[in-house]
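Colleague: File upload.tsv follows (TSV, C-alpha atoms):
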```
chain	number	residue	atom	x	y	z
A	1	MET	CA	47.58	43.36	30.03
A	2	GLU	CA	48.46	45.16	33.26
A	3	SER	CA	50.08	42.69	35.66
A	4	ARG	CA	50.85	44.79	38.69
A	5	PHE	CA	49.36	43.42	41.89
A	6	ALA	CA	49.61	44.20	45.57
A	7	GLU	CA	50.16	41.07	47.63
A	8	PRO	CA	46.57	40.71	48.97
A	9	SER	CA	45.22	40.83	45.41
A	10	VAL	CA	47.51	38.01	44.27
A	11	LEU	CA	46.56	35.89	47.26
A	12	ILE	CA	42.86	36.46	46.61
A	13	LEU	CA	43.13	35.54	42.93
A	14	VAL	CA	45.15	32.42	43.76
A	15	SER	CA	42.57	31.41	46.34
A	16	LEU	CA	39.64	32.00	43.93
A	17	ALA	CA	41.44	29.96	41.26
A	18	SER	CA	40.25	26.86	43.15
A	19	GLY	CA	36.60	28.02	43.17
A	20	PRO	CA	34.27	30.78	44.40
A	21	LYS	CA	34.56	31.82	48.06
A	22	HIS	CA	33.10	34.41	50.38
A	23	GLY	CA	35.22	36.62	52.62
A	24	TYR	CA	35.70	34.29	55.58
A	25	ALA	CA	36.54	31.33	53.34
A	26	LEU	CA	39.05	33.49	51.45
A	27	ILE	CA	40.81	34.55	54.65
A	28	LYS	CA	41.01	30.96	55.92
A	29	ASP	CA	42.26	29.60	52.60
A	30	ILE	CA	44.90	32.32	52.31
A	31	GLU	CA	46.10	31.63	55.86
A	32	GLU	CA	46.43	27.93	55.00
A	33	VAL	CA	48.08	28.36	51.58
A	34	ALA	CA	50.34	31.35	52.17
A	35	GLY	CA	50.54	31.72	55.94
A	36	ALA	CA	49.34	35.31	55.52
A	37	THR	CA	46.74	36.85	57.85
A	38	LEU	CA	44.53	39.37	56.09
A	39	GLY	CA	42.28	41.70	58.03
A	40	PRO	CA	38.67	42.26	56.92
A	41	GLY	CA	39.34	45.85	55.84
A	42	THR	CA	42.40	44.78	53.85
A	43	LEU	CA	40.48	41.93	52.23
A	44	TYR	CA	37.52	44.02	51.19
A	45	GLY	CA	39.76	46.83	49.95
A	46	ALA	CA	41.44	44.34	47.62
A	47	LEU	CA	38.10	42.74	46.62
A	48	SER	CA	36.76	46.18	45.72
A	49	ARG	CA	39.78	46.99	43.54
A	50	LEU	CA	39.75	43.57	41.84
A	51	GLU	CA	36.04	43.88	41.12
A	52	GLN	CA	36.53	47.36	39.61
A	53	ARG	CA	39.26	45.95	37.36
A	54	GLY	CA	36.98	43.13	36.22
A	55	LEU	CA	39.28	40.42	37.57
A	56	ILE	CA	36.66	38.98	39.93
A	57	GLU	CA	32.90	39.10	40.01
A	58	ALA	CA	30.35	38.93	42.81
A	59	LEU	CA	27.85	36.07	43.00
A	60	PRO	CA	24.44	36.24	44.68
A	61	ALA	CA	24.71	36.69	48.43
A	62	GLU	CA	23.78	33.92	50.86
A	63	GLU	CA	22.35	35.85	53.80
A	64	ARG	CA	25.12	38.39	54.49
A	65	ARG	CA	27.90	36.33	52.93
A	66	ARG	CA	28.57	37.03	49.25
A	67	PRO	CA	30.88	34.68	47.33
A	68	TYR	CA	33.24	35.97	44.65
A	69	ARG	CA	34.66	34.12	41.70
A	70	ILE	CA	37.61	34.81	39.44
A	71	THR	CA	36.83	35.94	35.89
A	72	ALA	CA	38.60	34.77	32.74
A	73	ALA	CA	40.49	38.07	32.68
A	74	GLY	CA	41.48	37.58	36.31
A	75	ALA	CA	42.74	34.04	35.67
A	76	GLU	CA	44.76	35.24	32.71
A	77	ALA	CA	46.21	38.17	34.62
A	78	VAL	CA	47.27	36.20	37.69
A	79	GLN	CA	48.72	33.41	35.55
A	80	ALA	CA	50.88	35.90	33.66
A	81	TYR	CA	51.97	37.48	36.93
A	82	LEU	CA	52.85	34.16	38.57
A	83	GLU	CA	54.80	32.98	35.53
A	84	HIS	CA	56.77	36.20	35.62
A	85	VAL	CA	57.44	35.76	39.34
A	86	ARG	CA	58.47	32.15	38.74
A	87	GLN	CA	60.96	33.28	36.10
A	88	VAL	CA	62.47	35.90	38.40
A	89	ALA	CA	62.56	33.42	41.30
A	90	ALA	CA	64.36	30.84	39.15
A	91	VAL	CA	67.02	33.35	38.07
A	92	GLY	CA	67.46	34.62	41.61
A	93	LEU	CA	67.83	31.17	43.13
A	94	ARG	CA	70.22	30.13	40.41
A	95	ARG	CA	72.39	33.16	41.02
A	96	LEU	CA	72.31	32.68	44.78
A	97	GLY	CA	73.22	29.04	44.29
A	98	ALA	CA	76.15	30.05	42.10
A	99	ALA	CA	77.26	32.72	44.60
A	100	HIS	CA	77.39	30.22	47.45
A	101	ALA	CA	78.87	27.38	45.44
Y	102	MET	CA	31.95	48.87	68.50
Y	103	LEU	CA	33.66	47.26	65.49
Y	104	ASP	CA	30.47	47.60	63.46
Y	105	GLN	CA	30.52	51.33	64.21
Y	106	LEU	CA	33.94	51.58	62.52
Y	107	ILE	CA	32.36	50.45	59.25
Y	108	ARG	CA	30.55	53.82	59.25
Y	109	LEU	CA	33.96	55.40	58.58
Y	110	TYR	CA	33.84	54.02	55.03
Y	111	PRO	CA	32.44	56.22	52.22
Y	112	GLY	CA	28.66	56.01	51.75
Y	113	ARG	CA	28.71	54.38	48.33
Y	114	TRP	CA	31.32	51.87	49.45
Y	115	ARG	CA	29.23	50.95	52.49
Y	116	GLU	CA	26.14	50.44	50.37
Y	117	ARG	CA	28.00	47.91	48.23
Y	118	TYR	CA	30.20	46.10	50.78
Y	119	GLY	CA	29.04	47.17	54.24
Y	120	GLU	CA	26.84	44.16	55.03
Y	121	GLU	CA	29.42	41.62	53.89
Y	122	LEU	CA	32.18	43.38	55.80
Y	123	ALA	CA	30.07	43.45	58.97
Y	124	GLN	CA	29.39	39.71	58.62
Y	125	LEU	CA	33.09	38.98	58.12
Y	126	VAL	CA	34.02	41.02	61.19
Y	127	HIS	CA	31.42	39.06	63.16
Y	128	ASP	CA	32.86	35.75	61.85
Y	129	LEU	CA	36.44	36.76	62.73
Y	130	ARG	CA	35.70	38.23	66.15
Y	131	PRO	CA	36.18	34.98	68.10
Y	132	SER	CA	39.65	34.37	66.65
Y	133	ARG	CA	41.12	37.87	66.30
Y	134	PRO	CA	41.86	40.53	68.94
Y	135	ALA	CA	39.44	43.45	68.65
Y	136	PRO	CA	42.20	46.13	68.54
Y	137	ARG	CA	43.78	44.46	65.49
Y	138	LEU	CA	40.44	44.23	63.73
Y	139	ALA	CA	39.71	47.86	64.59
Y	140	ALA	CA	43.09	49.09	63.28
Y	141	ASP	CA	42.58	47.13	60.04
Y	142	LEU	CA	39.08	48.58	59.57
Y	143	VAL	CA	40.30	52.16	60.13
Y	144	ARG	CA	43.15	51.63	57.66
Y	145	GLY	CA	40.73	50.17	55.13
Y	146	ALA	CA	38.36	53.13	55.54
Y	147	LEU	CA	41.21	55.60	54.90
Y	148	HIS	CA	42.21	53.76	51.73
Y	149	ALA	CA	38.59	53.61	50.57
Y	150	HIS	CA	38.25	57.39	50.98
Y	151	LEU	CA	41.54	57.99	49.15
Y	152	GLU	CA	40.54	55.72	46.31
Y	153	GLU	CA	37.14	57.37	46.03
Y	154	GLY	CA	38.87	60.75	45.80
Y	155	LEU	CA	41.16	59.53	43.04
Y	156	THR	CA	38.41	58.55	40.62
Y	157	MET	CA	38.96	59.22	36.93
Y	158	GLU	CA	36.38	62.03	37.07
Y	159	ASN	CA	38.11	63.73	40.01
Y	160	ARG	CA	41.52	63.44	38.36
Y	161	ARG	CA	40.15	65.04	35.21
Y	162	LEU	CA	38.54	67.80	37.27
Y	163	ALA	CA	41.83	68.38	39.10
Y	164	ARG	CA	43.69	68.68	35.78
Y	165	GLN	CA	41.13	71.10	34.35
Y	166	THR	CA	41.24	73.21	37.52
Y	167	ALA	CA	45.05	73.20	37.56
Y	168	LEU	CA	45.10	74.36	33.93
Y	169	ILE	CA	42.78	77.31	34.64
Y	170	VAL	CA	44.77	78.21	37.78
Y	171	GLY	CA	48.03	78.00	35.82
Y	172	ILE	CA	46.81	80.28	33.04
Y	173	VAL	CA	45.47	82.86	35.50
Y	174	TRP	CA	48.64	82.77	37.58
Y	175	LEU	CA	50.80	83.21	34.48
Y	176	GLY	CA	48.78	86.22	33.42
Y	177	LEU	CA	48.88	87.76	36.89
Y	178	SER	CA	52.64	87.13	37.18
Y	179	LEU	CA	53.32	88.84	33.85
Y	180	GLU	CA	51.22	91.83	34.94
Y	181	ILE	CA	53.02	91.97	38.32
Y	182	LEU	CA	56.37	91.98	36.52
Y	183	ARG	CA	55.19	94.58	34.01
Y	184	SER	CA	53.78	97.01	36.55
Y	185	ASN	CA	56.42	96.55	39.27
Y	186	VAL	CA	59.66	96.00	37.36
Y	187	VAL	CA	59.41	96.68	33.62
Y	188	PHE	CA	57.20	99.81	33.75
Y	189	PRO	CA	57.27	100.66	37.45
Y	190	SER	CA	55.26	103.55	38.75
Y	191	THR	CA	56.15	105.42	41.92
Y	192	GLN	CA	52.56	106.63	42.30
Y	193	ASP	CA	49.68	104.61	43.70
Y	194	ASP	CA	47.84	104.56	40.36
Y	195	ASP	CA	47.28	100.88	39.74
Y	196	ALA	CA	43.59	100.76	40.75
Y	197	VAL	CA	42.39	99.94	37.24
Y	198	SER	CA	44.88	97.10	36.70
Y	199	VAL	CA	44.10	95.68	40.16
Y	200	LEU	CA	40.37	95.79	39.39
Y	201	VAL	CA	40.89	94.09	36.03
Y	202	ALA	CA	43.05	91.43	37.72
Y	203	TYR	CA	40.37	90.67	40.29
Y	204	LEU	CA	37.70	90.48	37.59
Y	205	CYS	CA	39.85	88.00	35.65
Y	206	VAL	CA	40.31	85.88	38.76
Y	207	PHE	CA	36.56	85.91	39.48
Y	208	VAL	CA	35.76	84.89	35.92
Y	209	ALA	CA	38.32	82.10	36.17
Y	210	LEU	CA	36.78	80.82	39.42
Y	211	ALA	CA	33.33	80.78	37.82
Y	212	LEU	CA	34.84	78.98	34.82
Y	213	VAL	CA	36.21	76.28	37.14
Y	214	GLY	CA	32.66	75.57	38.28
Y	215	ALA	CA	31.21	75.75	34.77
Y	216	VAL	CA	33.78	73.31	33.38
Y	217	ALA	CA	33.28	71.00	36.34
Y	218	ALA	CA	29.49	70.99	35.91
Y	219	ARG	CA	29.78	70.40	32.18
Y	220	SER	CA	31.93	67.34	32.97
Y	221	GLY	CA	29.24	66.01	35.29
Y	222	ALA	CA	30.81	66.95	38.65
Y	223	ASP	CA	28.33	67.34	41.52
Y	224	ARG	CA	27.90	70.49	43.66
Y	225	ARG	CA	30.34	69.23	46.29
Y	226	ALA	CA	33.08	68.64	43.72
Y	227	GLN	CA	32.42	72.06	42.14
Y	228	ALA	CA	32.72	73.76	45.53
Y	229	ILE	CA	35.94	71.92	46.38
Y	230	ALA	CA	37.40	72.75	42.97
Y	231	GLY	CA	36.50	76.43	43.43
Y	232	LEU	CA	37.97	76.50	46.93
Y	233	ALA	CA	41.20	74.85	45.77
Y	234	ALA	CA	41.47	77.16	42.76
Y	235	GLY	CA	40.91	80.29	44.86
Y	236	VAL	CA	43.43	79.30	47.52
Y	237	ALA	CA	45.98	78.28	44.87
Y	238	ILE	CA	45.63	81.53	42.89
Y	239	GLY	CA	45.97	83.56	46.09
Y	240	ALA	CA	49.02	81.69	47.31
Y	241	LEU	CA	50.77	81.61	43.93
Y	242	THR	CA	50.15	85.32	43.32
Y	243	ILE	CA	51.67	86.28	46.66
Y	244	ALA	CA	54.57	83.93	45.93
Y	245	THR	CA	55.15	85.89	42.70
Y	246	PHE	CA	55.07	89.16	44.64
Y	247	ALA	CA	57.55	87.67	47.12
Y	248	VAL	CA	60.01	86.88	44.35
Y	249	VAL	CA	59.54	90.20	42.55
Y	250	ASP	CA	59.66	92.34	45.70
Y	251	ASN	CA	62.81	90.66	47.02
Y	252	VAL	CA	64.74	90.31	43.75
Y	253	TRP	CA	63.94	93.83	42.57
Y	254	LEU	CA	63.66	95.47	45.97
Y	255	GLY	CA	65.54	98.55	44.73
Y	256	ILE	CA	62.81	99.26	42.15
Y	257	VAL	CA	59.83	98.20	44.26
Y	258	SER	CA	60.92	100.29	47.22
Y	259	GLN	CA	60.42	103.45	45.10
Y	260	GLN	CA	56.64	102.92	45.19
Y	261	GLN	CA	54.98	105.66	47.22
Y	262	ALA	CA	52.67	103.18	48.99
Y	263	LYS	CA	55.72	101.21	50.18
Y	264	ILE	CA	57.52	104.35	51.37
Y	265	ASP	CA	54.43	105.56	53.27
Y	266	GLY	CA	53.82	102.11	54.71
Y	267	LEU	CA	57.37	101.77	55.98
Y	268	ALA	CA	57.18	105.21	57.56
Y	269	HIS	CA	53.96	104.30	59.39
Y	270	SER	CA	55.28	100.92	60.47
Y	271	GLY	CA	57.69	102.56	62.87
Y	272	GLY	CA	61.03	101.69	61.37
Y	273	GLY	CA	62.93	98.63	60.29
Y	274	SER	CA	64.15	97.78	56.82
Y	275	MET	CA	62.11	97.99	53.63
Y	276	ARG	CA	62.77	94.27	53.00
Y	277	ALA	CA	61.44	93.28	56.43
Y	278	TYR	CA	58.39	95.54	56.00
Y	279	VAL	CA	57.64	94.14	52.54
Y	280	ASN	CA	58.02	90.50	53.63
Y	281	GLN	CA	55.89	91.00	56.73
Y	282	GLY	CA	53.13	92.34	54.52
Y	283	LEU	CA	53.51	89.40	52.15
Y	284	VAL	CA	53.09	86.83	54.94
Y	285	LEU	CA	49.84	88.49	56.05
Y	286	ALA	CA	48.68	88.79	52.45
Y	287	MET	CA	49.39	85.11	51.79
Y	288	PHE	CA	46.84	84.06	54.41
Y	289	GLY	CA	44.38	86.88	53.76
Y	290	LEU	CA	44.27	86.69	49.97
Y	291	SER	CA	44.23	82.88	49.89
Y	292	ALA	CA	41.36	82.73	52.38
Y	293	MET	CA	39.37	85.45	50.60
Y	294	LEU	CA	39.82	83.93	47.15
Y	295	GLY	CA	39.06	80.49	48.58
Y	296	LEU	CA	35.68	81.71	49.81
Y	297	PHE	CA	35.00	83.56	46.58
Y	298	GLY	CA	36.07	80.42	44.77
Y	299	VAL	CA	33.39	78.32	46.44
Y	300	ALA	CA	30.63	80.83	45.69
Y	301	LEU	CA	31.70	81.65	42.13
Y	302	SER	CA	32.38	78.04	41.25
Y	303	LEU	CA	28.88	77.05	42.37
Y	304	ALA	CA	27.44	79.94	40.36
Y	305	GLY	CA	29.51	78.92	37.36
Y	306	GLY	CA	28.35	75.37	37.92
Y	307	ILE	CA	24.72	76.43	37.51
Y	308	ALA	CA	25.63	78.06	34.21
Y	309	GLY	CA	27.68	75.03	33.20
Y	310	GLN	CA	24.80	72.70	34.00
Y	311	ALA	CA	22.50	74.77	31.78
Y	312	TRP	CA	25.15	74.63	29.04
Y	313	ARG	CA	25.38	70.83	29.41
Y	314	THR	CA	21.61	70.42	29.36
Y	315	ARG	CA	21.36	72.50	26.18
Y	316	ALA	CA	24.19	70.55	24.57
Y	317	ASN	CA	22.48	67.23	25.36
Y	318	ALA	CA	19.03	68.39	24.18
```
When written as structure tokens, how does the structure in this file appear?
Modeller:
Amino acid sequence: MESRFAEPSVLILVSLASGPKHGYALIKDIEEVAGATLGPGTLYGALSRLEQRGLIEALPAEERRRPYRITAAGAEAVQAYLEHVRQVAAVGLRRLGAAHA
Amino acid sequence: MLDQLIRLYPGRWRERYGEELAQLVHDLRPSRPAPRLAADLVRGALHAHLEEGLTMENRRLARQTALIVGIVWLGLSLEILRSNVVFPSTQDDDAVSVLVAYLCVFVALALVGAVAARSGADRRAQAIAGLAAGVAIGALTIATFAVVDNVWLGIVSQQQAKIDGLAHSGGGSMRAYVNQGLVLAMFGLSAMLGLFGVALSLAGGIAGQAWRTRANA
């Protein structure tokens, strides 16, 4: 499975892993969790790409706010990506620790 | 004003996401400076247009068009080499081969449209493909002439048309005269074939659409 993600896409999938959210809720959750500020154009660009890839799906809109939820494929993809990142982070930190020891 | 920037997004994209995006902009307005929101929206619109252009269908159309352009350019280049270097003629007697070359190019431009239509491309995509093909064939052909005329200047400069042209140009070197003509031809031929490309591609598209309809019947 393809596991290449731009940063906004990872943040969106991580945020949706805790439940469906619409755009404003996604931006607020991402700010809180990752300290990253996404603009509306950036957010919806990533939502559009994730939806095309089948990693998220749209739910019925509530007035003009439409929630999105992560799909099974999306959960699998982001989990694989995060495990890979964790592995690389562990090696990197170990090496840096050894270098400064 | 920020809502107006959402109009920069492609039509289909706006139909799907426009309302939600407008609501989000409205929700963020109290907490974000308008210039930052505006810059983000403009950037997003550019990306949306780029991504719409890079659809699978457009990539396939680009590959098909490039293949037709490549084959035509190869054929024209071989003929340019044959008639200017391998079997050069000092007389201005290449009218038939020039006519045949143009006919081949026109058929190729119509084929671009036919192939595009058969693949389901709309009129706009057919026209763009024809324009791109015409401009590319024009530019590549002149590039071939530029190489041939400069590398084999000793042979090319024996052509009567070149000798007469240099005489009428009022002096200077044969190389300078030839290259000056090539620069003008690059723009002229590319523009002319670009326009022909649009028209012929659309005509070929009509034929291609009929072909597709018959195939699906």
Colleague: Which residue gives the smallest distance to Y:Ala234 among Y:Gly295, Y:Gly145, Y:Gly255, Y:Gly221, with all atoms listed in the file counted?
Modeller: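 Smallest distance to Y:Ala234 is found for Y:Gly295.
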Colleague: I'd like the interatomic distance between atom CA of Y:Ala247 and atom CA of Y:Ile169, to a tenth of an Å.
Modeller: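 Rounded to one decimal, the two atoms are 21.9 Å apart.
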Colleague: What residues in chain Y lie within 7 Å of chain A, counting only C-alpha atoms, written as a ChimeraX atom specification?
Modeller: /Y:120-122,124-126,138,141-142,145,149
Colleague: Just to confirm, what's the straight-line distance from atom CA of Y:Gly298 to atom CA of Y:Leu232 in Å (one decimal)?
Modeller: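 Separation of atom CA of Y:Gly298 and atom CA of Y:Leu232: 4.9 Å.
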Colleague: Tell me, in Å to one decimal, how far atom CA of A:Gln87 is from atom CA of A:Leu13.
Modeller: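 Separating atom CA of A:Gln87 from atom CA of A:Leu13 is a distance of 19.2 Å.
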Colleague: Could you complete stretch 56-67 of chain A so that it carries N, CA and C atoms, and give it back as a PDB file, in the frame of the given file?
Modeller:
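Okay, this is what ended up in part-v7.pdb:
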```pdb
ATOM      1  N   ILE A  56      37.548  39.873  39.174  1.00  0.00           N
ATOM      2  CA  ILE A  56      36.660  38.980  39.930  1.00  0.00           C
ATOM      3  C   ILE A  56      35.238  39.493  39.765  1.00  0.00           C
ATOM      4  N   GLU A  57      34.282  38.634  40.048  1.00  0.00           N
ATOM      5  CA  GLU A  57      32.900  39.100  40.010  1.00  0.00           C
ATOM      6  C   GLU A  57      32.138  38.542  41.211  1.00  0.00           C
ATOM      7  N   ALA A  58      31.135  39.322  41.649  1.00  0.00           N
ATOM      8  CA  ALA A  58      30.350  38.930  42.810  1.00  0.00           C
ATOM      9  C   ALA A  58      29.248  37.971  42.376  1.00  0.00           C
ATOM     10  N   LEU A  59      28.963  37.000  43.227  1.00  0.00           N
ATOM     11  CA  LEU A  59      27.850  36.070  43.000  1.00  0.00           C
ATOM     12  C   LEU A  59      26.729  36.449  43.967  1.00  0.00           C
ATOM     13  N   PRO A  60      25.549  35.895  43.779  1.00  0.00           N
ATOM     14  CA  PRO A  60      24.440  36.240  44.680  1.00  0.00           C
ATOM     15  C   PRO A  60      24.787  35.936  46.131  1.00  0.00           C
ATOM     16  N   ALA A  61      24.381  36.843  47.016  1.00  0.00           N
ATOM     17  CA  ALA A  61      24.710  36.690  48.430  1.00  0.00           C
ATOM     18  C   ALA A  61      23.861  35.592  49.074  1.00  0.00           C
ATOM     19  N   GLU A  62      24.491  34.913  50.030  1.00  0.00           N
ATOM     20  CA  GLU A  62      23.780  33.920  50.860  1.00  0.00           C
ATOM     21  C   GLU A  62      23.702  34.518  52.253  1.00  0.00           C
ATOM     22  N   GLU A  63      22.517  35.008  52.607  1.00  0.00           N
ATOM     23  CA  GLU A  63      22.350  35.850  53.800  1.00  0.00           C
ATOM     24  C   GLU A  63      23.305  37.022  53.670  1.00  0.00           C
ATOM     25  N   ARG A  64      24.228  37.233  54.621  1.00  0.00           N
ATOM     26  CA  ARG A  64      25.120  38.390  54.490  1.00  0.00           C
ATOM     27  C   ARG A  64      26.499  37.992  53.959  1.00  0.00           C
ATOM     28  N   ARG A  65      26.613  36.765  53.472  1.00  0.00           N
ATOM     29  CA  ARG A  65      27.900  36.330  52.930  1.00  0.00           C
ATOM     30  C   ARG A  65      27.785  36.250  51.417  1.00  0.00           C
ATOM     31  N   ARG A  66      28.624  37.014  50.707  1.00  0.00           N
ATOM     32  CA  ARG A  66      28.570  37.030  49.250  1.00  0.00           C
ATOM     33  C   ARG A  66      29.833  36.375  48.694  1.00  0.00           C
ATOM     34  N   PRO A  67      29.687  35.294  47.917  1.00  0.00           N
ATOM     35  CA  PRO A  67      30.880  34.680  47.330  1.00  0.00           C
ATOM     36  C   PRO A  67      31.361  35.496  46.116  1.00  0.00           C
TER      37      PRO A  67
END
```
